[in-house]
file run-v2.txt (compact mmCIF, C-alpha atoms)
# COMPACT_ATOMS: atom_id res chain seq x y z
CA MET A 1 118.34 79.05 165.12
CA LYS A 2 116.08 80.30 167.92
CA LEU A 3 119.10 80.94 170.14
CA LYS A 4 120.47 83.06 167.33
CA TYR A 5 117.26 85.08 167.26
CA LEU A 6 117.52 85.56 171.03
CA ILE A 7 121.04 86.90 170.70
CA VAL A 8 119.96 89.26 167.94
CA ALA A 9 117.04 90.43 170.06
CA VAL A 10 119.39 91.27 172.92
CA MET A 11 121.63 93.15 170.50
CA CYS A 12 118.61 95.08 169.21
CA ALA A 13 117.72 96.03 172.77
CA LEU A 14 121.26 97.21 173.52
CA PHE A 15 121.32 99.18 170.26
CA THR A 16 118.07 100.93 171.07
CA VAL A 17 119.28 101.98 174.53
CA GLY A 18 121.98 104.03 172.86
CA ALA A 19 120.03 105.23 169.85
CA HIS A 20 116.95 107.32 169.25
CA ALA A 21 114.04 105.01 168.53
CA GLN A 22 110.91 106.17 166.80
CA LYS A 23 107.93 104.86 164.90
CA PHE A 24 108.44 104.13 161.23
CA GLU A 25 107.67 107.24 159.21
CA GLY A 26 106.07 107.27 155.78
CA LEU A 27 103.50 104.61 156.70
CA ALA A 28 99.70 105.02 156.88
CA LEU A 29 99.75 108.39 155.14
CA THR A 30 96.08 107.69 154.46
CA PRO A 31 93.91 105.63 156.82
CA PRO A 32 94.81 101.92 156.57
CA MET A 33 92.39 99.69 154.67
CA GLY A 34 92.11 95.94 155.08
CA TRP A 35 90.39 93.06 156.83
CA ASN A 36 90.58 91.72 160.39
CA SER A 37 89.39 88.38 161.73
CA TRP A 38 87.94 89.46 165.10
CA ASN A 39 84.46 90.84 164.46
CA LYS A 40 83.25 87.73 162.63
CA PHE A 41 85.45 84.86 163.76
CA ARG A 42 86.73 85.83 167.22
CA MET A 43 89.26 83.16 168.32
CA ASN A 44 88.15 80.66 165.68
CA ILE A 45 90.81 81.25 163.06
CA ASN A 46 93.16 78.93 161.20
CA GLU A 47 95.42 79.01 158.18
CA THR A 48 92.79 77.56 155.83
CA LEU A 49 90.43 80.42 156.66
CA ILE A 50 93.18 83.00 156.24
CA ARG A 51 94.18 81.63 152.84
CA GLU A 52 90.54 81.66 151.72
CA ILE A 53 90.16 85.25 152.92
CA ALA A 54 93.30 86.23 150.99
CA ASP A 55 91.85 84.62 147.88
CA ALA A 56 88.54 86.42 148.39
CA MET A 57 90.21 89.80 148.87
CA VAL A 58 91.57 89.39 145.36
CA SER A 59 88.60 87.74 143.63
CA THR A 60 86.00 90.21 144.98
CA GLY A 61 88.02 93.24 143.95
CA LEU A 62 88.57 94.37 147.53
CA ARG A 63 92.35 94.42 147.15
CA ASP A 64 92.13 96.53 144.02
CA ALA A 65 89.74 98.90 145.81
CA GLY A 66 92.48 99.57 148.40
CA TYR A 67 91.99 96.91 151.10
CA ILE A 68 95.56 95.66 151.34
CA TYR A 69 96.03 94.53 154.97
CA LEU A 70 94.96 91.02 155.95
CA ASN A 71 95.16 91.10 159.74
CA LEU A 72 94.99 88.11 162.07
CA ASP A 73 93.55 89.07 165.43
CA ASP A 74 93.68 87.13 168.72
CA GLY A 75 93.83 83.34 168.47
CA TRP A 76 96.76 82.77 166.11
CA GLN A 77 99.28 82.19 168.90
CA SER A 78 99.70 79.46 171.50
CA THR A 79 98.95 79.91 175.18
CA GLU A 80 102.57 79.30 176.17
CA ARG A 81 105.91 80.33 174.68
CA ASP A 82 108.66 77.95 173.68
CA PRO A 83 111.54 77.17 176.12
CA ASN A 84 113.51 80.16 174.83
CA GLY A 85 110.59 82.52 175.34
CA PHE A 86 109.55 82.90 171.71
CA VAL A 87 105.88 83.21 170.83
CA GLN A 88 104.58 80.26 168.83
CA PRO A 89 101.61 79.84 166.50
CA ASP A 90 98.81 77.58 167.63
CA PRO A 91 99.89 74.19 166.23
CA LYS A 92 96.36 73.06 165.42
CA GLY A 93 95.26 76.18 163.63
CA PHE A 94 98.56 77.10 161.99
CA PRO A 95 100.63 73.94 161.49
CA SER A 96 102.55 75.48 158.58
CA GLY A 97 103.79 78.35 160.72
CA MET A 98 103.28 82.06 160.41
CA ARG A 99 106.03 82.65 157.89
CA ALA A 100 104.20 80.39 155.45
CA VAL A 101 100.92 82.19 156.14
CA GLY A 102 102.59 85.54 155.58
CA ASP A 103 104.22 84.35 152.38
CA TYR A 104 100.83 83.28 151.02
CA ILE A 105 99.28 86.63 151.92
CA HIS A 106 102.16 88.46 150.25
CA SER A 107 101.86 86.27 147.15
CA LYS A 108 98.38 87.72 146.66
CA GLY A 109 99.66 91.28 146.65
CA LEU A 110 98.45 91.87 150.21
CA ASP A 111 100.16 92.92 153.43
CA PHE A 112 100.29 90.71 156.52
CA GLY A 113 98.94 91.91 159.86
CA ILE A 114 99.19 90.23 163.26
CA TYR A 115 97.99 90.78 166.82
CA SER A 116 99.47 90.89 170.30
CA ASP A 117 98.81 92.46 173.66
CA ALA A 118 100.81 94.68 176.01
CA GLY A 119 99.93 92.38 178.92
CA ARG A 120 101.20 88.92 179.72
CA LYS A 121 98.07 87.39 178.23
CA THR A 122 95.92 88.49 175.34
CA CYS A 123 92.21 89.15 175.74
CA GLY A 124 91.63 85.53 174.67
CA GLY A 125 94.18 84.09 177.10
CA ARG A 126 97.03 83.52 174.64
CA ALA A 127 100.64 84.61 175.14
CA GLY A 128 100.95 88.40 175.43
CA SER A 129 104.08 90.47 174.84
CA SER A 130 104.81 91.89 178.30
CA GLY A 131 108.47 91.18 179.07
CA HIS A 132 109.07 89.87 175.54
CA GLU A 133 108.65 93.01 173.46
CA TYR A 134 112.00 92.84 171.66
CA GLN A 135 111.72 89.10 171.10
CA ASP A 136 108.25 89.50 169.64
CA ALA A 137 109.21 92.42 167.42
CA LEU A 138 112.09 90.38 166.02
CA THR A 139 109.78 87.39 165.54
CA TYR A 140 107.25 89.51 163.63
CA ALA A 141 110.03 90.78 161.39
CA GLN A 142 111.04 87.16 160.72
CA PHE A 143 107.41 86.32 159.91
CA GLY A 144 107.27 89.18 157.39
CA VAL A 145 104.63 91.15 159.30
CA ASP A 146 103.54 94.55 157.97
CA TYR A 147 100.96 95.62 160.60
CA LEU A 148 100.65 95.05 164.34
CA LYS A 149 97.48 95.52 166.38
CA TYR A 150 98.55 95.82 170.02
CA ASP A 151 95.80 95.28 172.62
CA TRP A 152 95.46 96.20 176.30
CA CYS A 153 94.19 93.19 178.28
CA ALA A 154 95.90 91.80 181.43
CA THR A 155 97.80 95.07 181.89
CA ASP A 156 97.37 95.66 185.62
CA ASN A 157 99.93 98.18 186.89
CA LEU A 158 101.25 98.96 183.40
CA ASN A 159 101.50 102.52 182.18
CA PRO A 160 99.96 102.80 178.70
CA LYS A 161 102.37 105.39 177.38
CA GLY A 162 105.40 103.46 178.62
CA ALA A 163 104.10 100.11 177.36
CA TYR A 164 103.32 101.38 173.88
CA ILE A 165 106.59 103.31 173.57
CA LEU A 166 108.43 100.12 174.54
CA MET A 167 106.83 98.16 171.70
CA ARG A 168 107.32 101.04 169.30
CA ASP A 169 111.04 101.02 170.12
CA ALA A 170 111.20 97.24 169.78
CA LEU A 171 109.60 97.34 166.34
CA TYR A 172 112.00 100.03 165.22
CA ALA A 173 114.99 98.09 166.51
CA ALA A 174 113.88 94.96 164.64
CA GLY A 175 114.22 96.98 161.45
CA ARG A 176 111.13 95.98 159.47
CA PRO A 177 108.67 98.84 158.79
CA ILE A 178 105.41 97.84 160.51
CA VAL A 179 102.23 99.89 160.89
CA PHE A 180 101.64 100.13 164.65
CA SER A 181 97.99 100.11 165.73
CA MET A 182 97.35 100.89 169.40
CA CYS A 183 94.25 99.30 170.93
CA GLU A 184 93.89 100.52 174.51
CA TRP A 185 90.30 101.66 173.90
CA GLY A 186 90.95 105.36 174.51
CA LYS A 187 91.34 104.90 178.27
CA SER A 188 94.41 107.15 178.55
CA GLN A 189 93.34 109.62 175.85
CA PRO A 190 96.07 108.42 173.46
CA TRP A 191 95.12 111.05 170.90
CA THR A 192 96.85 113.57 173.20
CA TRP A 193 100.21 111.76 173.26
CA ALA A 194 100.46 108.93 170.73
CA GLN A 195 101.22 110.83 167.52
CA GLU A 196 104.92 110.00 167.92
CA VAL A 197 104.24 106.47 169.11
CA SER A 198 101.83 104.80 166.68
CA HIS A 199 100.15 105.22 163.33
CA LEU A 200 96.62 104.84 164.72
CA TRP A 201 94.98 104.52 168.09
CA ARG A 202 91.59 103.29 169.20
CA THR A 203 89.36 106.01 170.55
CA SER A 204 86.68 103.78 172.11
CA GLY A 205 85.77 100.35 173.37
CA ASP A 206 84.90 97.55 170.97
CA ILE A 207 82.22 98.01 168.34
CA GLY A 208 79.33 95.55 167.93
CA PRO A 209 76.85 94.93 165.08
CA TYR A 210 74.40 97.53 166.41
CA PHE A 211 73.39 100.86 164.94
CA ASP A 212 72.28 102.24 168.30
CA SER A 213 72.45 101.12 171.93
CA VAL A 214 68.82 100.03 172.34
CA ALA A 215 69.71 96.34 172.08
CA TYR A 216 71.87 96.41 175.20
CA ARG A 217 70.69 99.50 177.06
CA ASN A 218 69.28 97.54 179.99
CA LYS A 219 71.90 94.78 180.09
CA LYS A 220 74.41 94.66 182.92
CA GLY A 221 78.14 94.17 182.55
CA TRP A 222 80.33 94.69 179.51
CA HIS A 223 78.75 95.23 176.13
CA PRO A 224 80.07 96.43 172.78
CA LEU A 225 79.36 99.93 171.54
CA SER A 226 77.03 100.86 168.70
CA VAL A 227 77.80 102.78 165.52
CA LEU A 228 76.13 105.89 166.96
CA ASP A 229 77.97 105.54 170.29
CA ILE A 230 81.32 105.49 168.56
CA ILE A 231 80.57 108.35 166.18
CA ASP A 232 79.76 110.54 169.17
CA ILE A 233 83.00 109.54 170.92
CA ASN A 234 85.17 110.05 167.86
CA ALA A 235 83.66 113.22 166.39
CA PRO A 236 85.24 115.73 168.83
CA LEU A 237 88.78 114.36 168.28
CA ARG A 238 89.30 115.53 164.71
CA LYS A 239 92.18 117.91 165.45
CA TYR A 240 94.38 114.98 166.51
CA ALA A 241 94.12 113.02 163.25
CA GLY A 242 96.24 113.38 160.13
CA PRO A 243 98.60 111.56 157.76
CA GLY A 244 100.48 108.89 159.69
CA HIS A 245 98.47 109.31 162.91
CA TRP A 246 94.77 108.47 162.83
CA ASN A 247 91.88 108.27 165.26
CA ASP A 248 90.57 104.69 165.06
CA PRO A 249 86.86 104.25 165.88
CA ASP A 250 87.28 100.45 165.52
CA MET A 251 86.66 98.02 162.70
CA LEU A 252 83.67 97.97 160.40
CA GLU A 253 80.59 95.86 161.06
CA VAL A 254 79.33 96.23 157.49
CA GLY A 255 78.00 92.86 156.34
CA ASN A 256 77.50 91.50 159.85
CA GLY A 257 73.72 91.67 160.08
CA LEU A 258 72.75 95.33 159.85
CA PRO A 259 70.28 96.31 157.11
CA VAL A 260 71.70 97.85 153.98
CA ASN A 261 70.77 101.43 154.89
CA GLU A 262 72.54 101.18 158.25
CA ASP A 263 75.57 99.52 156.65
CA ARG A 264 75.76 102.36 154.13
CA ALA A 265 75.48 105.00 156.87
CA HIS A 266 78.09 103.21 159.00
CA PHE A 267 80.55 102.99 156.11
CA THR A 268 79.95 106.58 155.02
CA MET A 269 80.50 108.02 158.48
CA TRP A 270 83.79 106.13 158.82
CA CYS A 271 84.82 107.67 155.48
CA MET A 272 83.80 111.13 156.67
CA MET A 273 85.81 110.66 159.87
CA ALA A 274 88.95 109.64 157.94
CA ALA A 275 88.84 106.36 159.87
CA PRO A 276 90.80 103.22 159.07
CA LEU A 277 88.57 101.01 156.91
CA ILE A 278 89.21 97.56 158.38
CA LEU A 279 86.55 95.08 157.34
CA GLY A 280 85.17 92.60 159.85
CA ASN A 281 82.75 90.45 157.85
CA ASP A 282 83.03 87.11 156.07
CA ILE A 283 83.99 88.39 152.65
CA ARG A 284 83.78 84.86 151.18
CA THR A 285 79.98 84.85 151.43
CA MET A 286 78.92 88.51 151.52
CA SER A 287 75.99 89.79 149.50
CA ARG A 288 76.28 91.87 146.37
CA GLU A 289 74.81 94.82 148.29
CA THR A 290 77.55 94.56 150.93
CA LEU A 291 80.27 94.35 148.29
CA ASP A 292 78.84 97.37 146.47
CA ILE A 293 79.06 99.41 149.67
CA LEU A 294 82.60 98.32 150.46
CA THR A 295 83.90 98.94 146.95
CA ASN A 296 82.28 102.30 146.20
CA ARG A 297 85.45 104.01 145.06
CA GLU A 298 83.98 107.49 145.18
CA ALA A 299 83.11 107.03 148.86
CA ILE A 300 86.48 105.41 149.57
CA ALA A 301 88.18 108.43 147.98
CA ILE A 302 86.63 110.61 150.68
CA ASP A 303 88.26 108.46 153.36
CA GLN A 304 91.57 108.16 151.52
CA ASP A 305 91.87 111.82 150.57
CA SER A 306 95.51 112.83 150.90
CA LEU A 307 94.72 116.07 152.72
CA GLY A 308 94.09 113.77 155.68
CA VAL A 309 91.52 115.82 157.60
CA GLN A 310 88.81 114.20 159.71
CA GLY A 311 85.32 115.48 158.93
CA LEU A 312 83.48 118.10 160.97
CA ARG A 313 79.98 117.65 162.36
CA LEU A 314 78.82 121.15 161.47
CA MET A 315 75.12 120.98 162.33
CA SER A 316 72.78 118.68 164.24
CA GLN A 317 69.03 119.16 164.57
CA ASP A 318 66.21 116.72 165.30
CA GLY A 319 68.32 113.71 164.40
CA LEU A 320 69.70 115.11 161.13
CA GLU A 321 73.39 115.91 161.03
CA VAL A 322 75.36 117.82 158.40
CA TRP A 323 79.05 116.95 158.09
CA PHE A 324 81.72 118.70 156.02
CA LYS A 325 85.14 117.26 155.15
CA PRO A 326 87.78 119.28 153.31
CA LEU A 327 89.46 117.49 150.39
CA VAL A 328 92.34 118.14 148.01
CA HIS A 329 91.93 120.57 145.12
CA ASN A 330 89.52 122.69 147.19
CA ASP A 331 86.81 120.02 147.03
CA TRP A 332 84.51 119.25 149.96
CA ALA A 333 82.60 116.17 151.00
CA VAL A 334 79.20 116.95 152.49
CA CYS A 335 77.15 114.28 154.25
CA PHE A 336 73.54 114.51 155.42
CA PHE A 337 73.20 111.84 158.09
CA ASN A 338 69.79 110.76 159.43
CA ARG A 339 70.15 109.10 162.84
CA THR A 340 66.40 108.55 163.24
CA GLU A 341 64.02 105.77 162.24
CA LYS A 342 61.98 108.00 159.90
CA PRO A 343 62.89 109.74 156.63
CA ILE A 344 63.66 113.46 156.96
CA ASP A 345 62.83 116.08 154.34
CA TYR A 346 65.33 118.91 154.19
CA THR A 347 65.88 121.92 151.95
CA VAL A 348 69.58 122.48 151.33
CA ASP A 349 70.24 126.19 150.98
CA TRP A 350 73.93 126.32 150.16
CA ASN A 351 73.93 130.07 150.87
CA LEU A 352 73.07 129.56 154.53
CA PRO A 353 75.54 131.58 156.63
CA GLY A 354 76.42 128.44 158.56
CA PHE A 355 77.60 126.65 155.44
CA SER A 356 80.18 129.35 154.70
CA PHE A 357 82.93 128.86 157.24
CA THR A 358 86.66 128.42 157.65
CA ASP A 359 87.67 125.08 159.12
CA ASP A 360 89.93 125.62 162.13
CA VAL A 361 91.75 122.30 161.57
CA SER A 362 92.62 122.54 157.87
CA GLY A 363 92.40 126.32 157.48
CA ARG A 364 90.24 125.75 154.41
CA SER A 365 87.16 127.87 153.63
CA THR A 366 84.04 126.51 151.94
CA LEU A 367 83.50 129.68 149.86
CA LEU A 368 79.84 128.71 149.45
CA ASN A 369 78.82 132.36 149.86
CA SER A 370 80.97 133.45 146.94
CA ALA A 371 81.64 130.50 144.64
CA ALA A 372 79.58 127.83 142.90
CA TYR A 373 80.28 124.13 143.16
CA LYS A 374 79.22 121.19 141.04
CA ILE A 375 77.51 118.50 143.13
CA ARG A 376 78.17 114.79 142.74
CA ASP A 377 75.96 112.24 144.56
CA LEU A 378 78.41 109.50 145.55
CA TRP A 379 75.91 106.75 146.34
CA LYS A 380 73.68 107.34 143.33
CA LYS A 381 76.87 107.86 141.31
CA GLN A 382 75.40 110.74 139.36
CA ASP A 383 75.71 114.50 139.11
CA ALA A 384 73.17 116.47 141.13
CA GLY A 385 73.33 120.04 139.86
CA THR A 386 75.20 122.91 141.47
CA THR A 387 75.14 124.90 144.68
CA GLU A 388 73.75 127.95 142.87
CA ARG A 389 70.20 127.15 143.93
CA PRO A 390 68.56 125.40 146.91
CA MET A 391 67.69 121.73 146.59
CA LYS A 392 65.13 119.57 148.35
CA ILE A 393 66.33 116.20 149.61
CA LYS A 394 64.80 113.31 151.52
CA VAL A 395 67.32 111.55 153.74
CA PRO A 396 66.11 107.97 154.33
CA ALA A 397 65.83 106.57 157.86
CA ARG A 398 69.19 105.65 159.36
CA ASP A 399 70.88 106.47 156.10
CA VAL A 400 72.92 109.15 154.39
CA ILE A 401 73.17 111.33 151.34
CA LEU A 402 76.81 111.89 150.43
CA TYR A 403 77.95 114.63 148.06
CA ARG A 404 81.28 115.73 146.68
CA LEU A 405 81.48 119.44 145.87
CA THR A 406 83.91 120.58 143.16
CA LEU A 407 84.42 124.21 142.20
CA LYS A 408 82.49 125.01 139.05
CA ASN A 409 85.06 127.55 137.89
CA PRO A 410 88.37 126.79 139.64
CA ASN A 411 91.04 129.49 139.43
call {"tool": "encode", "arguments": {"input": "run-v2.txt", "output": "structure tokens"}}
result
Amino acid sequence: MKLKYLIVAVMCALFTVGAHAQKFEGLALTPPMGWNSWNKFRMNINETLIREIADAMVSTGLRDAGYIYLNLDDGWQSTERDPNGFVQPDPKGFPSGMRAVGDYIHSKGLDFGIYSDAGRKTCGGRAGSSGHEYQDALTYAQFGVDYLKYDWCATDNLNPKGAYILMRDALYAAGRPIVFSMCEWGKSQPWTWAQEVSHLWRTSGDIGPYFDSVAYRNKKGWHPLSVLDIIDINAPLRKYAGPGHWNDPDMLEVGNGLPVNEDRAHFTMWCMMAAPLILGNDIRTMSRETLDILTNREAIAIDQDSLGVQGLRLMSQDGLEVWFKPLVHNDWAVCFFNRTEKPIDYTVDWNLPGFSFTDDVSGRSTLLNSAAYKIRDLWKKQDAGTTERPMKIKVPARDVILYRLTLKNPN
């Protein structure tokens, strides 16, 4: 049977040489939502854990809130390939095989995600895909994979654009539509070239469970990035994002040790940036407060808005930022984001000249100087008046106030 797969893989490769390959269209039209094993479990994954996570995605309501991808990160595969060069699951962690794992995930109404690396070894030392791209793409199709995260370790002398195009072509030749997630940490500025290659691309190094960089500022060597670090990296890249091609500021650390206010700010800013919402916590044991953040459907709707525009950091002063995000039906999301460790009092004058602008990415105008909007507070889940008069707000320390503005008298 494996020899048969090898023959088919060769045929796929020959077919692609003579045909125009591309990424699968019609996928990830809104930022992907799901769960990934890396942030919490690193290499310590097995099929029992994955089945329990699948069960929890259903029982907690996460699936019904939109989190449909269950993604295995590094650690699912063996260190070595089989004699025919096919990647194999780790026999101790996944004795039933990956097809069985994928079938269980699919039986729960979820999609199955997997991980590989453009180098010969993954970041954890397992078998990478270099030299086996068409074999691996065919294998993933046989497993029933729906999402591939493709990393960038052990890639000395490889060209990122060439390596990622090669796997894109291999996936297309294998014939199964798979969301392709590039993870080369923004080193080659993929936002400038990857729109035709993948459905999302990392814009930064790995995130850690830190709101700011104080915890590792004086440490030498590699360290993960904080929430604030990544926001500042990702914010200027908004013009490159859109349906089917998203900036990816890495997975969420909500539920991994940050206080509730910082978790809420972290989640909200990912929604404002139209970022993929890929959970990284142990959803089997999370608190009610964490679940409430992750399943706030009004906040999720900001992220999943079909207009597909990444939010704009419009103003920043003394640690308070004001973000605007255009939405369908002429709505706007407005976020007041306090980066500091003290509450900030602010008077919102919706008639400020700076609040009336035309967004150069979407072409949409706020109309705040000529039209009135109804205000909805998305975390308090209550109406908050209109934009016809100023309002005084207190933005808690390292927290947000998130509004949705809807025209009071739409045409």
call {"tool": "residues_near_point", "arguments": {"input": "run-v2.txt", "point": "(109.5, 96.8, 172.3)", "cutoff": "7 Å", "atoms": "only C-alpha atoms", "output": "VMD selection string"}}
result
chain A and resid 133 to 134 137 166 to 171
call {"tool": "write_last_selection", "arguments": {"input": "run-v2.txt", "atoms": "C-alpha atoms", "output": "CSV table (one decimal), in the frame of the given file"}}
result
chain,number,residue,atom,x,y,z
A,133,GLU,CA,108.6,93.0,173.5
A,134,TYR,CA,112.0,92.8,171.7
A,137,ALA,CA,109.2,92.4,167.4
A,166,LEU,CA,108.4,100.1,174.5
A,167,MET,CA,106.8,98.2,171.7
A,168,ARG,CA,107.3,101.0,169.3
A,169,ASP,CA,111.0,101.0,170.1
A,170,ALA,CA,111.2,97.2,169.8
A,171,LEU,CA,109.6,97.3,166.3
call {"tool": "closest_residue", "arguments": {"input": "run-v2.txt", "among": "A:Leu72, A:Leu158, A:Cys153, A:Ile207", "to": "Met98 (chain A)", "atoms": "all atoms listed in the file"}}
result
A:Leu72
call {"tool": "atom_distance", "arguments": {"input": "run-v2.txt", "atom1": "CA of Gly97 (chain A)", "atom2": "CA of Pro276 (chain A)"}}
result
28.1 Å
call {"tool": "closest_residue", "arguments": {"input": "run-v2.txt", "among": "A:Glu25, A:Asp206, A:Glu196, A:Asp74", "to": "Ile178 (chain A)", "atoms": "all atoms listed in the file"}}
result
A:Glu25
call {"tool": "atom_distance", "arguments": {"input": "run-v2.txt", "atom1": "CA of Ser78 (chain A)", "atom2": "CA of Pro249 (chain A)"}}
result
28.5 Å
call {"tool": "atom_distance", "arguments": {"input": "run-v2.txt", "atom1": "CA of Asp212 (chain A)", "atom2": "CA of Thr340 (chain A)"}}
result
10.0 Å
call {"tool": "closest_residue", "arguments": {"input": "run-v2.txt", "among": "A:Leu29, A:Asp292, A:Trp191, A:Gly186", "to": "Gly61 (chain A)", "atoms": "only C-alpha atoms"}}
result
A:Asp292
call {"tool": "closest_residue", "arguments": {"input": "run-v2.txt", "among": "A:Tyr403, A:Trp193, A:Phe86, A:Tyr69", "to": "Tyr140 (chain A)", "atoms": "all atoms listed in the file"}}
result
A:Phe86
call {"tool": "residues_around", "arguments": {"input": "run-v2.txt", "residues": "Ser287 (chain A)", "least_positions_apart": "5", "cutoff": "12 Å", "atoms": "only C-alpha atoms", "output": "list in words"}}
result
Thr60, Val254, Gly255, Asn256, Gly257, Pro259, Val260, Asn281, Asp282, Asp292, Ile293 and Leu294 of chain A
call {"tool": "write_last_selection", "arguments": {"input": "run-v2.txt", "atoms": "C-alpha atoms", "output": "compact mmCIF listing (two decimals), in the coordinates of the input"}}
result
# COMPACT_ATOMS: atom_id res chain seq x y z
CA THR A 60 86.00 90.21 144.98
CA VAL A 254 79.33 96.23 157.49
CA GLY A 255 78.00 92.86 156.34
CA ASN A 256 77.50 91.50 159.85
CA GLY A 257 73.72 91.67 160.08
CA PRO A 259 70.28 96.31 157.11
CA VAL A 260 71.70 97.85 153.98
CA ASN A 281 82.75 90.45 157.85
CA ASP A 282 83.03 87.11 156.07
CA ASP A 292 78.84 97.37 146.47
CA ILE A 293 79.06 99.41 149.67
CA LEU A 294 82.60 98.32 150.46
call {"tool": "closest_residue", "arguments": {"input": "run-v2.txt", "among": "A:Met286, A:Met269, A:Ala372, A:Val145", "to": "Asp232 (chain A)", "atoms": "all atoms listed in the file"}}
result
A:Met269
call {"tool": "residues_around", "arguments": {"input": "run-v2.txt", "residues": "region 44-58 of chain A", "least_positions_apart": "5", "cutoff": "9 Å", "atoms": "all atoms listed in the file", "output": "PDB file with C-alpha atoms, in the coordinates of the input"}}
result
ATOM      1  CA  GLY A  34      92.110  95.940 155.080  1.00  0.00           C
ATOM      2  CA  TRP A  35      90.390  93.060 156.830  1.00  0.00           C
ATOM      3  CA  SER A  37      89.390  88.380 161.730  1.00  0.00           C
ATOM      4  CA  TRP A  38      87.940  89.460 165.100  1.00  0.00           C
ATOM      5  CA  ARG A  63      92.350  94.420 147.150  1.00  0.00           C
ATOM      6  CA  ASP A  64      92.130  96.530 144.020  1.00  0.00           C
ATOM      7  CA  TYR A  67      91.990  96.910 151.100  1.00  0.00           C
ATOM      8  CA  ILE A  68      95.560  95.660 151.340  1.00  0.00           C
ATOM      9  CA  LEU A  70      94.960  91.020 155.950  1.00  0.00           C
ATOM     10  CA  LEU A  72      94.990  88.110 162.070  1.00  0.00           C
ATOM     11  CA  ASP A  73      93.550  89.070 165.430  1.00  0.00           C
ATOM     12  CA  ASP A  74      93.680  87.130 168.720  1.00  0.00           C
ATOM     13  CA  GLY A  75      93.830  83.340 168.470  1.00  0.00           C
ATOM     14  CA  TRP A  76      96.760  82.770 166.110  1.00  0.00           C
ATOM     15  CA  ASP A  90      98.810  77.580 167.630  1.00  0.00           C
ATOM     16  CA  LYS A  92      96.360  73.060 165.420  1.00  0.00           C
ATOM     17  CA  GLY A  93      95.260  76.180 163.630  1.00  0.00           C
ATOM     18  CA  PHE A  94      98.560  77.100 161.990  1.00  0.00           C
ATOM     19  CA  PRO A  95     100.630  73.940 161.490  1.00  0.00           C
ATOM     20  CA  SER A  96     102.550  75.480 158.580  1.00  0.00           C
ATOM     21  CA  GLY A  97     103.790  78.350 160.720  1.00  0.00           C
ATOM     22  CA  MET A  98     103.280  82.060 160.410  1.00  0.00           C
ATOM     23  CA  VAL A 101     100.920  82.190 156.140  1.00  0.00           C
ATOM     24  CA  TYR A 104     100.830  83.280 151.020  1.00  0.00           C
ATOM     25  CA  ILE A 105      99.280  86.630 151.920  1.00  0.00           C
ATOM     26  CA  LYS A 108      98.380  87.720 146.660  1.00  0.00           C
ATOM     27  CA  GLY A 109      99.660  91.280 146.650  1.00  0.00           C
ATOM     28  CA  LEU A 110      98.450  91.870 150.210  1.00  0.00           C
ATOM     29  CA  ASP A 282      83.030  87.110 156.070  1.00  0.00           C
ATOM     30  CA  ILE A 283      83.990  88.390 152.650  1.00  0.00           C
ATOM     31  CA  ARG A 284      83.780  84.860 151.180  1.00  0.00           C
TER      32      ARG A 284
END
call {"tool": "residues_around", "arguments": {"input": "run-v2.txt", "residues": "Tyr115 (chain A)", "least_positions_apart": "5", "cutoff": "12 Å", "atoms": "all atoms listed in the file", "output": "ChimeraX atom specification"}}
result
/A:36-38,43,70-77,87,89,121-124,126-129,136-137,140,145-152,179-183
call {"tool": "closest_residue", "arguments": {"input": "run-v2.txt", "among": "A:Leu291, A:Val197, A:Ile393, A:Val328", "to": "Ser306 (chain A)", "atoms": "only C-alpha atoms"}}
result
A:Val328
call {"tool": "residues_around", "arguments": {"input": "run-v2.txt", "residues": "region 311-326 of chain A", "least_positions_apart": "5", "cutoff": "10 Å", "atoms": "all atoms listed in the file", "output": "PyMOL selection string"}}
result
chain A and resi 232+235-239+269-275+302-303+305+331-346+354-355+357+359-366+395+397-398+400-405
call {"tool": "decode", "arguments": {"input": "run-v2.txt", "residues": "region 76-83 of chain A", "atoms": "N, CA and C atoms", "output": "mmCIF file, in the first residue's frame"}}
result
data_model
loop_
_atom_site.group_PDB
_atom_site.id
_atom_site.type_symbol
_atom_site.label_atom_id
_atom_site.label_comp_id
_atom_site.auth_asym_id
_atom_site.auth_seq_id
_atom_site.Cartn_x
_atom_site.Cartn_y
_atom_site.Cartn_z
ATOM 1 N N TRP A 76 3.875 15.000 17.086
ATOM 2 C CA TRP A 76 3.007 13.887 16.693
ATOM 3 C C TRP A 76 3.753 12.844 15.861
ATOM 4 N N GLN A 77 4.848 13.270 15.192
ATOM 5 C CA GLN A 77 5.523 12.384 14.259
ATOM 6 C C GLN A 77 6.773 11.756 14.876
ATOM 7 N N SER A 78 7.234 10.685 14.250
ATOM 8 C CA SER A 78 8.471 10.034 14.690
ATOM 9 C C SER A 78 9.687 10.837 14.245
ATOM 10 N N THR A 79 10.834 10.465 14.822
ATOM 11 C CA THR A 79 12.085 11.115 14.432
ATOM 12 C C THR A 79 12.512 10.700 13.033
ATOM 13 N N GLU A 80 12.291 9.432 12.699
ATOM 14 C CA GLU A 80 12.709 8.896 11.408
ATOM 15 C C GLU A 80 11.498 8.506 10.570
ATOM 16 N N ARG A 81 11.699 8.477 9.258
ATOM 17 C CA ARG A 81 10.672 8.024 8.328
ATOM 18 C C ARG A 81 10.746 6.514 8.144
ATOM 19 N N ASP A 82 9.721 5.965 7.514
ATOM 20 C CA ASP A 82 9.747 4.525 7.257
ATOM 21 C C ASP A 82 10.692 4.232 6.087
ATOM 22 N N PRO A 83 10.947 2.967 5.739
ATOM 23 C CA PRO A 83 11.915 2.645 4.683
ATOM 24 C C PRO A 83 11.580 3.253 3.321
#
